[in-house]
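A short worksheet on the structure shown next.
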Amino acid sequence: MKYPLRSFRLYMALRTHSIYVAPLMLAAVLALTMLAGLITGIVTGFPLPQEVASTFTGLGMLVSVLIGFFISSAALAVNRTFATVLAFGGTRRDFWVGSSMGFAVTALIAATCGTILLGLEHLTDGWMIGLPVFATPVLGDGHPVVTFVAIFAYSMAALFTGAAFGTIFRAFGATAVTGAIVAAVLLLAAAVALFVWQREFTMDFIRSLGAWAPTVGVSAFAVVCLAVSYGANQRATV
Amino acid sequence: MKLATTSHDHHPLHSDHPDESTKTDGITVQGLTKSYGKHRVLQGLDLRLESGKVYGLLGANGVGKTTLMSVILNHTFRSSGQVRIDGQNPAENARVLERTCFIHEDQRWHDEYTARHLLQALPAFYPRWSAQTAQHLLDRFSVPRKTPLKKLSRGQRSALAISISLASRADYTFLDEPYLGLDPSSRNIFYEELMLAVSEHPRLVLMSTHLIDEAANLMEDVILMRWGRIDLHAPVEDVTASMTAVRGMDTAVDEFTAGYDVVSSQSLGRIKSVLVRGSVVGREQQRAEDLHLSVESPGLQEIVAALGVLDAEQNTPEHVENKGDLS
């Protein structure tokens with residue numbers, strides 16, 4: 001573990017990205033959602049009626065904001081830190097392992113903060129205005145364990161997606177990244193088509209997973225991105 | 001090819017108290033090739049670099065100096081051939097690579113990294129990392145610690161790379177045109193600190209440079225590259241002793257050098273300067289004096305320029321094929 005820890009330390013040295021950003025973004029999303037809830041409440045009254053509150057759960061703002069940031073952050077981290085680690089006498093494998101450990105820490109921080117905020121949301125009956133920010137279907141509908149695992153899985157998937165594209169760029173250049181994005185979109189479209197075609201089976205399967213369904217899907221995606229990022233890492237050059 | 005081998009036991013860079021870094025076996029390269037598509041950058045190199053010595057890697061732009069350094073440390077993959085560091089393949093070999101440091105001339109840093117971030121992480125990378133040396137060098141070069149690296153000037157980034165390279169005390173330190181953007185006084189600091197660092201903690205330094213005369217005193221061996229091949233690998237003093245500069249009035253110079261192998265010739269008005277192979281001694285020296293000619297040892301840069309190694313026009317594969325052996 002000595003060698004991967006060097007890359008891990010380099011990743012963690014940039015605390016803004018590795019530690020602080022997840023709590024700050026979650027707080028920002030909370031503030032923005034509350035602002036929207038307060039403005040809505042001027043018309044509907046407080047606490048927000050159930051049918052109005054349910055529209056907020058569908059926003060998916062929380063997830064999309066974190067995912068977007070983590071993808072770009074990981075792509076940049078991998079693209080630039082890779083060259084730094086090699087310059088300092090590191091190996092590709094150790095860089096990948098060390099960065100992955102760093103991603104796990106970032107995802108754990110996001111998951112912990114998200115779960116704590118979910119707890120506060122429960123305690124305050126939706127931030128005192130009946131507003132569900134973290135108790136959303138994609139995060140397990142308010143179940144704390146599911147929320148923790150879901151945010152961790154979303155974060156890891158996003159970080160490894162960024163890492164995969166960042167490493168593909170390092171290994172094969174900008175054209176390859178474009179090709180990889182096109183391929184990823186086509187694969188997702190194919191998966192959706194398969195899902196729709198076999199909807200009776202897939203819907204049964206999803207129903208059997210219950211609140212865990214989004215998390216399981218995202219976790220599978222994270223594993224694919226993890227494998228792609230490792231494969232590209234072994235071919236990347238400075 | 002090597003001109004000759006000589007002992008360097010008394011080189012000023014060699015410490016009387018070598019530490020553990022001198023116990024390494026050095027770098028061996030055999031039949032090394034590197035191609036990018038159809039473009040072959042390295043054309044089957046053989047090279048032996050001894051531990052604890054400072055090597056100057058010279059050649060025109062694009063001859064493969066950076067590629068050679070990158071391939072040796074596996075930053076770029078070789079197409080064929082073999083590289084051994086301390087007798088081991090360095091590819092994905094953490095135990096070997098942890099004793100290397102190679103910050104590229106165009107090193108990519110994370111946009112938000114500062115020197116301080118790097119200084120926090122670097123002790124974990126190098127067992128013999130000297131924080132004191134790093135701070136001392138950064139102070140001497142006036143490199144700010146809290147400014148994002150992307151906002152540093154070219155010279156400041158070079159100074160940072162130099163500071164890290166020397167403070168790493170890595171057994172194998174590669175410097176790729178380390179002086180870029182540095183003003184003359186900063187370059188002097190670099191040369192001074194490099195000499196001090198290597199004398200206190202001997203290590204193999206492979207430095208590519210175009211400022212040959214400035215760095216000549218630091219180099220023990222010189223490696224001249226031309227179009228992906230090594231034209232010359234020899235101790236600096238052997239190279240400088242292999243030629244003589246003859247200067248004076250053109251007619252006298254022509255008369256004197258008629259029997260010599262003239263390598264290069266330059267004229268300014270009626271004043272002519274000619275480089276000839278070999279030395280001018282004994283009665284020949286007297287003959288030169290009679291003709292009022294100046295006979296002296298040329299600088300390394302003058303020799304390298306005369307050999308055409310720095311001339312891009314002479315670095316085509318066709319030229320190299322026709323030119324053959326330079327030594």
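Within each chain, counting starts at residue 1; across the structure tokens, chains are named A, B, ... in the order shown, with ligands numbered 1 upward in that order.
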
Residues at most 10 Å from Gly37 of chain A, counting only C-alpha atoms, excluding those fewer than 3 positions away in the same chain, as a PyMOL selection string?
chain A and resi 31-34+40-42+44+46-48+52-53+56+127+129-133

Residues just named, written with all heavy atoms as a compact mmCIF listing (two decimals), in the first residue's frame:
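Below you can see again-v5.txt, which holds the result:
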```txt
# COMPACT_ATOMS: atom_id res chain seq x y z
N ALA A 31 -29.85 24.99 -0.23
CA ALA A 31 -30.23 26.40 -0.17
C ALA A 31 -31.08 26.80 -1.38
O ALA A 31 -32.11 27.48 -1.24
CB ALA A 31 -28.97 27.27 -0.09
N LEU A 32 -30.64 26.35 -2.55
CA LEU A 32 -31.38 26.71 -3.77
C LEU A 32 -32.78 26.08 -3.79
O LEU A 32 -33.76 26.71 -4.17
CB LEU A 32 -30.60 26.26 -5.02
CG LEU A 32 -29.38 27.10 -5.37
CD1 LEU A 32 -28.57 26.46 -6.49
CD2 LEU A 32 -29.80 28.51 -5.78
N THR A 33 -32.84 24.82 -3.34
CA THR A 33 -34.14 24.14 -3.32
C THR A 33 -35.07 24.79 -2.29
O THR A 33 -36.28 24.96 -2.53
CB THR A 33 -33.96 22.63 -2.99
OG1 THR A 33 -32.92 22.11 -3.80
CG2 THR A 33 -35.23 21.85 -3.25
N MET A 34 -34.51 25.17 -1.15
CA MET A 34 -35.31 25.86 -0.14
C MET A 34 -35.82 27.19 -0.66
O MET A 34 -36.96 27.59 -0.40
CB MET A 34 -34.50 26.06 1.14
CG MET A 34 -34.42 24.80 1.99
SD MET A 34 -33.56 25.11 3.55
CE MET A 34 -34.75 26.15 4.40
N THR A 40 -42.34 29.21 -3.89
CA THR A 40 -43.56 28.47 -4.22
C THR A 40 -44.59 28.60 -3.08
O THR A 40 -45.80 28.76 -3.31
CB THR A 40 -43.23 26.97 -4.46
OG1 THR A 40 -42.18 26.89 -5.41
CG2 THR A 40 -44.45 26.21 -4.99
N GLY A 41 -44.06 28.55 -1.86
CA GLY A 41 -44.92 28.61 -0.69
C GLY A 41 -45.68 29.92 -0.56
O GLY A 41 -46.73 29.97 0.09
N ILE A 42 -45.14 30.98 -1.14
CA ILE A 42 -45.84 32.27 -1.09
C ILE A 42 -47.23 32.13 -1.73
O ILE A 42 -48.22 32.71 -1.29
CB ILE A 42 -45.02 33.36 -1.84
CG1 ILE A 42 -43.71 33.62 -1.08
CG2 ILE A 42 -45.81 34.66 -2.00
CD1 ILE A 42 -42.72 34.49 -1.86
N THR A 44 -48.70 28.86 -2.40
CA THR A 44 -49.44 27.68 -1.90
C THR A 44 -49.63 27.68 -0.39
O THR A 44 -50.47 26.95 0.13
CB THR A 44 -48.69 26.38 -2.28
OG1 THR A 44 -47.40 26.40 -1.64
CG2 THR A 44 -48.49 26.27 -3.78
N PHE A 46 -47.65 27.52 3.65
CA PHE A 46 -46.73 26.59 4.32
C PHE A 46 -47.47 25.79 5.38
O PHE A 46 -48.38 26.33 6.02
CB PHE A 46 -45.60 27.37 4.98
CG PHE A 46 -44.75 28.12 3.99
CD1 PHE A 46 -44.85 29.51 3.88
CD2 PHE A 46 -43.86 27.45 3.16
CE1 PHE A 46 -44.07 30.21 2.98
CE2 PHE A 46 -43.07 28.16 2.26
CZ PHE A 46 -43.17 29.54 2.16
N PRO A 47 -47.06 24.55 5.66
CA PRO A 47 -46.08 23.79 4.87
C PRO A 47 -46.59 23.53 3.45
O PRO A 47 -47.80 23.61 3.22
CB PRO A 47 -45.91 22.50 5.65
CG PRO A 47 -47.19 22.34 6.39
CD PRO A 47 -47.65 23.72 6.73
N LEU A 48 -45.66 23.21 2.56
CA LEU A 48 -46.05 23.01 1.16
C LEU A 48 -47.03 21.85 1.05
O LEU A 48 -46.83 20.82 1.70
CB LEU A 48 -44.81 22.68 0.31
CG LEU A 48 -43.75 23.79 0.18
CD1 LEU A 48 -42.51 23.26 -0.52
CD2 LEU A 48 -44.31 25.00 -0.57
N VAL A 52 -47.58 19.61 -4.22
CA VAL A 52 -46.54 20.57 -4.63
C VAL A 52 -45.17 20.04 -4.21
O VAL A 52 -44.21 20.05 -4.99
CB VAL A 52 -46.79 21.96 -4.00
CG1 VAL A 52 -45.62 22.90 -4.31
CG2 VAL A 52 -48.09 22.55 -4.51
N ALA A 53 -45.10 19.52 -2.98
CA ALA A 53 -43.82 19.00 -2.48
C ALA A 53 -43.30 17.88 -3.37
O ALA A 53 -42.09 17.74 -3.59
CB ALA A 53 -43.98 18.51 -1.05
N PHE A 56 -40.92 18.70 -6.19
CA PHE A 56 -39.51 18.94 -5.86
C PHE A 56 -38.71 17.64 -5.85
O PHE A 56 -37.55 17.62 -6.21
CB PHE A 56 -39.39 19.63 -4.50
CG PHE A 56 -39.75 21.08 -4.56
CD1 PHE A 56 -41.06 21.51 -4.38
CD2 PHE A 56 -38.77 22.03 -4.85
CE1 PHE A 56 -41.38 22.85 -4.46
CE2 PHE A 56 -39.10 23.37 -4.94
CZ PHE A 56 -40.42 23.79 -4.74
N TRP A 127 -37.36 20.76 6.47
CA TRP A 127 -36.77 22.10 6.61
C TRP A 127 -37.81 23.15 7.02
O TRP A 127 -37.77 24.29 6.61
CB TRP A 127 -36.03 22.53 5.32
CG TRP A 127 -35.08 21.44 4.87
CD1 TRP A 127 -35.27 20.56 3.85
CD2 TRP A 127 -33.82 21.10 5.47
NE1 TRP A 127 -34.22 19.67 3.77
CE2 TRP A 127 -33.31 19.98 4.76
CE3 TRP A 127 -33.09 21.58 6.55
CZ2 TRP A 127 -32.10 19.37 5.07
CZ3 TRP A 127 -31.88 20.98 6.84
CH2 TRP A 127 -31.39 19.88 6.10
N ILE A 129 -40.69 23.59 6.16
CA ILE A 129 -41.69 24.06 5.19
C ILE A 129 -42.27 22.88 4.40
O ILE A 129 -42.88 23.06 3.34
CB ILE A 129 -41.11 25.12 4.22
CG1 ILE A 129 -39.87 24.56 3.51
CG2 ILE A 129 -40.81 26.43 4.95
CD1 ILE A 129 -39.36 25.50 2.40
N GLY A 130 -42.00 21.65 4.87
CA GLY A 130 -42.54 20.47 4.20
C GLY A 130 -41.86 20.19 2.87
O GLY A 130 -42.48 19.67 1.94
N LEU A 131 -40.56 20.53 2.77
CA LEU A 131 -39.84 20.42 1.50
C LEU A 131 -38.90 19.20 1.52
O LEU A 131 -37.97 19.15 2.32
CB LEU A 131 -39.02 21.69 1.27
CG LEU A 131 -38.17 21.75 0.01
CD1 LEU A 131 -39.06 21.88 -1.21
CD2 LEU A 131 -37.20 22.92 0.09
N PRO A 132 -39.12 18.20 0.64
CA PRO A 132 -38.22 17.05 0.59
C PRO A 132 -37.07 17.32 -0.40
O PRO A 132 -37.30 17.40 -1.60
CB PRO A 132 -39.12 15.92 0.06
CG PRO A 132 -40.14 16.62 -0.77
CD PRO A 132 -40.27 18.04 -0.28
N VAL A 133 -35.87 17.48 0.15
CA VAL A 133 -34.71 17.70 -0.73
C VAL A 133 -33.94 16.40 -0.90
O VAL A 133 -33.52 16.04 -2.00
CB VAL A 133 -33.78 18.79 -0.14
CG1 VAL A 133 -32.57 19.02 -1.04
CG2 VAL A 133 -34.54 20.09 0.06
```

Residues of chain B within 6 Å of chain A, counting only C-alpha atoms, what are they? List them as a ChimeraX atom specification.
/B:75-76,92,94,97-98,100-103,108-110,117,121,124-125

Would you mind listing what lies within 8 Å of segment 206-212 of chain A as a PyMOL selection string, with only C-alpha atoms counted and same-chain residues fewer than 4 positions away left out?
chain A and resi 137+140-141+146+150+202+216

Please produce a file of those selected residues containing N, CA and C atoms, as a short mmCIF file (atom, residue, chain, number, x, y, z; two decimals), in the first residue's frame.
```
data_model
loop_
_atom_site.label_atom_id
_atom_site.label_comp_id
_atom_site.auth_asym_id
_atom_site.auth_seq_id
_atom_site.Cartn_x
_atom_site.Cartn_y
_atom_site.Cartn_z
N PRO A 137 -36.96 9.77 -4.68
CA PRO A 137 -36.94 8.36 -5.14
C PRO A 137 -35.55 7.89 -5.55
N GLY A 140 -33.58 6.78 -2.53
CA GLY A 140 -34.13 5.80 -1.59
C GLY A 140 -35.34 6.27 -0.81
N ASP A 141 -35.96 7.36 -1.27
CA ASP A 141 -37.22 7.82 -0.65
C ASP A 141 -37.14 8.05 0.85
N VAL A 146 -30.23 3.47 2.40
CA VAL A 146 -30.27 3.52 0.94
C VAL A 146 -29.70 4.85 0.46
N ALA A 150 -26.68 5.08 -1.94
CA ALA A 150 -27.00 5.67 -3.25
C ALA A 150 -26.06 6.84 -3.57
N THR A 202 -37.78 -6.82 -17.06
CA THR A 202 -36.97 -5.78 -16.38
C THR A 202 -37.79 -5.06 -15.32
N VAL A 216 -28.51 0.09 -7.46
CA VAL A 216 -27.93 -1.10 -8.09
C VAL A 216 -27.52 -0.79 -9.54
#
```

Go through B:Arg140, B:His39, B:Arg84, B:Lys34 one by one, measure the shortest atom-to-atom distance of each to Ser186 of chain B using only C-alpha atoms, and give the residue with the smallest value.
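Counting only C-alpha atoms, the residue closest to Ser186 of chain B is B:Arg140.
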
Who sits within 9 Å of Ala135 of chain A, only C-alpha atoms, same chain under 5 positions skipped, as number ranges by chain
A: 57, 118, 121-122, 126, 140-144, 147

Output N, CA and C atoms of each residue in that selection to a file, as a short mmCIF file (atom, residue, chain, number, x, y, z; two decimals), in the first residue's frame.
```cif
data_model
loop_
_atom_site.label_atom_id
_atom_site.label_comp_id
_atom_site.auth_asym_id
_atom_site.auth_seq_id
_atom_site.Cartn_x
_atom_site.Cartn_y
_atom_site.Cartn_z
N THR A 57 -39.38 16.56 -5.44
CA THR A 57 -38.66 15.28 -5.40
C THR A 57 -38.27 14.83 -6.80
N LEU A 118 -30.18 14.36 5.34
CA LEU A 118 -31.47 13.66 5.30
C LEU A 118 -32.05 13.55 6.72
N GLU A 121 -33.42 16.74 7.67
CA GLU A 121 -34.66 16.96 6.93
C GLU A 121 -35.83 16.27 7.64
N HIS A 122 -35.56 15.04 8.14
CA HIS A 122 -36.60 14.32 8.89
C HIS A 122 -36.94 15.07 10.17
N GLY A 126 -38.97 18.46 6.83
CA GLY A 126 -38.75 19.07 5.50
C GLY A 126 -38.34 20.51 5.62
N GLY A 140 -33.58 6.78 -2.53
CA GLY A 140 -34.13 5.80 -1.59
C GLY A 140 -35.34 6.27 -0.81
N ASP A 141 -35.96 7.36 -1.27
CA ASP A 141 -37.22 7.82 -0.65
C ASP A 141 -37.14 8.05 0.85
N GLY A 142 -36.01 8.49 1.32
CA GLY A 142 -35.89 8.84 2.73
C GLY A 142 -35.30 7.76 3.61
N HIS A 143 -35.00 6.60 3.05
CA HIS A 143 -34.38 5.53 3.85
C HIS A 143 -32.89 5.87 4.00
N PRO A 144 -32.41 6.08 5.24
CA PRO A 144 -31.03 6.58 5.42
C PRO A 144 -29.94 5.67 4.86
N THR A 147 -30.04 5.93 1.15
CA THR A 147 -29.52 7.24 0.75
C THR A 147 -28.00 7.27 0.81
#
```

For Gly173 of chain A, which residue among A:Ala107, A:Ala193, A:Cys113, A:Ala232 is the nearest when counting only C-alpha atoms?
A:Ala232

Taking only segment 72-284 of chain B into account, list the residues labelled alpha helix (DSSP H) by DSSP (computed from the backbone), as JSON, numbers by chain.
{"B": [72, 94, 95, 96, 97, 115, 116, 117, 118, 119, 120, 121, 122, 123, 124, 125, 131, 132, 133, 134, 135, 136, 137, 138, 139, 140, 154, 155, 156, 157, 158, 159, 160, 161, 162, 163, 164, 165, 166, 167, 168, 184, 185, 186, 187, 188, 189, 190, 191, 192, 193, 194, 195, 196, 197, 198, 199, 200, 212, 213, 214, 215, 216, 236, 237, 238, 239, 240, 241, 250, 251, 252, 253, 254, 255, 256, 257, 283, 284]}

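The shortest atom-to-atom distance to Ala75 of chain A, with only C-alpha atoms taken into account, belongs to A:Ile168 out of A:Met203, A:Ile168, A:Met128, A:Ile151.
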
Show me, as a ChimeraX atom specification, the residues that have an atom within 8 Å of Val63 of chain B when counting only C-alpha atoms, minus same-chain residues fewer than 3 positions from it.
/B:41,59-60,225-229,315

Deliver the residues from the most recent selection as a file, using N, CA and C atoms, as a CSV table (one decimal), in the first residue's frame.
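Generated output (selection_26.csv):
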```csv
chain,number,residue,atom,x,y,z
B,41,VAL,N,11.1,7.7,-34.2
B,41,VAL,CA,11.8,8.8,-33.5
B,41,VAL,C,13.1,8.3,-32.9
B,59,GLY,N,21.5,17.9,-28.9
B,59,GLY,CA,21.0,17.6,-30.2
B,59,GLY,C,20.0,18.7,-30.6
B,60,ALA,N,19.7,18.8,-31.9
B,60,ALA,CA,18.8,19.7,-32.4
B,60,ALA,C,17.4,19.4,-31.9
B,225,MET,N,22.9,13.5,-30.0
B,225,MET,CA,21.9,12.8,-30.7
B,225,MET,C,21.6,13.4,-32.0
B,226,ARG,N,21.4,12.6,-33.0
B,226,ARG,CA,21.0,13.1,-34.3
B,226,ARG,C,20.0,12.2,-34.9
B,227,TRP,N,18.8,12.7,-35.1
B,227,TRP,CA,17.7,11.9,-35.7
B,227,TRP,C,17.5,10.6,-35.1
B,228,GLY,N,17.3,10.6,-33.9
B,228,GLY,CA,17.0,9.3,-33.2
B,228,GLY,C,18.2,8.3,-33.0
B,229,ARG,N,19.4,8.8,-33.2
B,229,ARG,CA,20.5,8.0,-33.0
B,229,ARG,C,21.5,8.7,-32.2
B,315,ASN,N,19.8,17.1,-39.8
B,315,ASN,CA,19.2,16.1,-38.9
B,315,ASN,C,18.2,15.3,-39.6
```
